[in-house]
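Here the structure is laid out as C-alpha cells; the discussion comes afterwards.
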Amino acid sequence: MNICVFLSAADLDERYTRPAREFAKLIGKGGHALVWGGSDVGLMKVVADGVQEAGGRLVGVSVDFLSAKARPGADEMVIARDLAERKKLLLDKADAVVIMVGGTGTLDEATEILELKKHGRTEKPVVLLNTAGFYDGLKEQFRRMEDEGFLPRPLADLVFFAEEPVGAMAYLEESLGIE
C-alpha cells in the first residue's frame, strides 16, 4: 500500500515525534511505501527515517521552491512546479491518506482530500491521526458541520479519527483488505 502522509516539516517535541516514528515503523514493517512531501527536515524527516529504517520505500513529492530540502536517497523523488501540482501528485500516488500534526499546509492538504471524498471523486481511506489531542478542535468543528447539515455524506464516510498509530494502520489495512 502507498500511504500518503500529510504532516509538518517543523522540528517538534517528543509528544509528536514518538507517535510519528511509531507509525513510520508500521509502514515499513508492513512492506508499505511512504508517499510524502519529500522534505528531509522536521517531522517529515522523522517519518521518512522511520520508514526507511523499517524497510519501507520512500516516494517523495517536493515542490520547486523547497527542492533544496528534498531528501537525498529516496526511492523516488518528483519535484512539482507548485503546491497545487504537488497535492495532485501526492494523491495520485497514494492508496490511502493519513493526516498527522501540521500547520496550514497540512490543513490545506487535509481539506483537499476530504473535499474530493465529499464529492465522490475518490474513495481512498483517510485517517486523521489525532496525536496528543492536536485535532480535537477540528474534530469538533467537523462534527458541527455534520450536525448542522454542511456535509452531504456522513463524517464517518469521509475520515476516520485515530488516537494512536496502531489504530490508524489497522483501519487502513482493513479498508483496503490487507491482512
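The way I read the labels, and the way they are meant: chains A, B, ... in the order of the C-alpha cells, residue 1 as the first residue of every chain, and ligand 1 as the first ligand shown, with later ones counted on from there.
Here the alpha helix (DSSP H) residues in region 14-56 of chain A, by DSSP on the backbone, are Glu14, Arg15, Tyr16, Thr17, Arg18, Pro19, Ala20, Arg21, Glu22, Phe23, Ala24, Lys25, Leu26, Ile27, Gly28, Lys29, Gly42, Leu43, Met44, Lys45, Val46, Val47, Ala48, Asp49, Gly50, Val51, Gln52 and Glu53 of chain A.
For region 102-107 of chain A, the set of protein, DNA and RNA residues having any atom at most 10 Å away, when counting only C-alpha atoms and skipping those fewer than 3 positions along the same chain, is Val5, Phe6, Leu7, Ser8, Ala9, Ala10, Leu12, Leu43, Leu83, Ile99, Ala110, Thr111, Glu112, Phe134, Tyr135 and Leu138 of chain A.
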Next item on the list: Write out as a list in words each polymer residue whose atoms come within 8 Å of Ala20 (chain A), counting only C-alpha atoms; drop sequence neighbours fewer than 6 positions from it.
Entry: Leu43, Val46, Val47, Met100 and Pro165 of chain A
Note to self: Counting only C-alpha atoms, which residue out of A:Glu53, A:Met44, A:Ser39, A:Ala162 sits closest to Leu66 (chain A)?
What the structure shows: A:Ser39
Note to self: Residues within 12 Å of Arg81 (chain A), please, as a PyMOL selection string. Count only C-alpha atoms; anything in the same chain fewer than 5 positions from it doesn't count.
What the structure shows: chain A and resi 61-67+86-89
Next item on the list: Compare A:Leu158, A:Leu172, A:Val101, A:Leu116 by their minimum atom-to-atom distance to Arg15 (chain A), counting only C-alpha atoms, and give me the closest one.
Entry: A:Val101
Checklist line | Shell of 10 Å around Leu114 (chain A), only C-alpha atoms, local chain residues under 3 positions omitted, as a PyMOL selection string | finding: chain A and resi 109-111+117-124+126+155+157-159
Any chance you can output those residues with C-alpha atoms as a short mmCIF file (atom, residue, chain, number, x, y, z; two decimals), in the first residue's frame?
data_model
loop_
_atom_site.label_atom_id
_atom_site.label_comp_id
_atom_site.auth_asym_id
_atom_site.auth_seq_id
_atom_site.Cartn_x
_atom_site.Cartn_y
_atom_site.Cartn_z
CA GLU A 109 -3.90 19.11 2.10
CA ALA A 110 -6.36 17.55 4.55
CA THR A 111 -9.30 19.64 3.39
CA LYS A 117 -14.25 12.40 -0.88
CA LYS A 118 -17.29 14.56 -0.12
CA HIS A 119 -17.98 14.89 -3.84
CA GLY A 120 -17.29 11.21 -4.60
CA ARG A 121 -14.11 11.97 -6.57
CA THR A 122 -12.12 9.45 -4.50
CA GLU A 123 -12.87 6.62 -2.11
CA LYS A 124 -9.36 6.33 -0.68
CA VAL A 126 -8.45 8.87 5.07
CA LEU A 155 -18.46 12.31 8.58
CA ASP A 157 -17.60 8.14 5.38
CA LEU A 158 -15.07 10.94 4.92
CA VAL A 159 -12.50 10.40 7.65
#
Margin query: Ranking A:Phe161, A:Ala48, A:Lys93, A:Gly73 by minimum distance to Asp136 (chain A) and counting only C-alpha atoms, which one comes first?
Written below: A:Phe161
Contacts of Asp95 (chain A) at 7 Å or less, counting only C-alpha atoms, minus same-chain residues fewer than 6 places along, as an mmCIF file with all heavy atoms, in the first residue's frame?
data_model
loop_
_atom_site.group_PDB
_atom_site.id
_atom_site.type_symbol
_atom_site.label_atom_id
_atom_site.label_comp_id
_atom_site.auth_asym_id
_atom_site.auth_seq_id
_atom_site.Cartn_x
_atom_site.Cartn_y
_atom_site.Cartn_z
ATOM 1 N N MET A 1 0.849 -1.175 0.000
ATOM 2 C CA MET A 1 0.000 0.000 0.000
ATOM 3 C C MET A 1 0.897 1.242 0.000
ATOM 4 O O MET A 1 1.878 1.300 0.728
ATOM 5 C CB MET A 1 -0.877 -0.081 1.264
ATOM 6 C CG MET A 1 -1.602 1.158 1.644
ATOM 7 S SD MET A 1 -2.843 0.939 2.977
ATOM 8 C CE MET A 1 -2.055 -0.083 4.191
ATOM 9 N N ASN A 2 0.542 2.210 -0.809
ATOM 10 C CA ASN A 2 1.222 3.509 -0.801
ATOM 11 C C ASN A 2 0.422 4.436 0.106
ATOM 12 O O ASN A 2 -0.719 4.775 -0.207
ATOM 13 C CB ASN A 2 1.290 4.105 -2.207
ATOM 14 C CG ASN A 2 2.258 3.366 -3.103
ATOM 15 O OD1 ASN A 2 3.135 2.650 -2.637
ATOM 16 N ND2 ASN A 2 2.105 3.535 -4.389
ATOM 17 N N ILE A 3 1.040 4.812 1.222
ATOM 18 C CA ILE A 3 0.352 5.624 2.221
ATOM 19 C C ILE A 3 0.884 7.050 2.162
ATOM 20 O O ILE A 3 2.047 7.310 2.470
ATOM 21 C CB ILE A 3 0.564 5.052 3.637
ATOM 22 C CG1 ILE A 3 0.049 3.610 3.697
ATOM 23 C CG2 ILE A 3 -0.134 5.934 4.678
ATOM 24 C CD1 ILE A 3 0.393 2.882 4.981
ATOM 25 N N LYS A 124 -10.529 6.742 -1.452
ATOM 26 C CA LYS A 124 -9.358 6.333 -0.676
ATOM 27 C C LYS A 124 -9.640 6.536 0.815
ATOM 28 O O LYS A 124 -10.217 7.547 1.206
ATOM 29 C CB LYS A 124 -8.141 7.160 -1.086
ATOM 30 C CG LYS A 124 -7.701 6.898 -2.502
ATOM 31 C CD LYS A 124 -6.567 7.794 -2.939
ATOM 32 C CE LYS A 124 -6.278 7.531 -4.411
ATOM 33 N NZ LYS A 124 -5.161 8.292 -4.922
#
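The smallest atom-to-atom distance between Lys139 (chain A) and any of A:Tyr171, A:Phe160, A:Tyr16, A:Phe23, using only C-alpha atoms, is found for A:Phe160.
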Check: Neighbours of Met169 (chain A) within 12 Å (only C-alpha atoms; same-chain residues fewer than 3 positions away dropped), as a PyMOL selection string?
Finding: chain A and resi 1+3+5+22-30+32+96-98+125-129+160-166+172-179
Margin query: Write out as JSON, numbers by chain the set of residues from chain A that DSSP, computed on the backbone, places in strand (DSSP E or B).
Written below: {"A": [2, 3, 4, 5, 6, 33, 34, 35, 36, 39, 57, 58, 59, 60, 61, 62, 63, 70, 76, 77, 78, 79, 80, 96, 97, 98, 99, 126, 127, 128, 129, 160, 161, 162]}
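Considering only C-alpha atoms, the residue among A:Ala68, A:Met77, A:Gly42, A:Leu90 positioned nearest to Glu14 (chain A) is A:Gly42.
You will find CA of Glu115 (chain A) at 18.8 Å from CA of Gly137 (chain A).
Distance annotation: of A:Lys45, A:Arg71, A:Ala156, A:Val35, the residue with the minimal separation from Asp11 (chain A) is A:Lys45; atom set is only C-alpha atoms.
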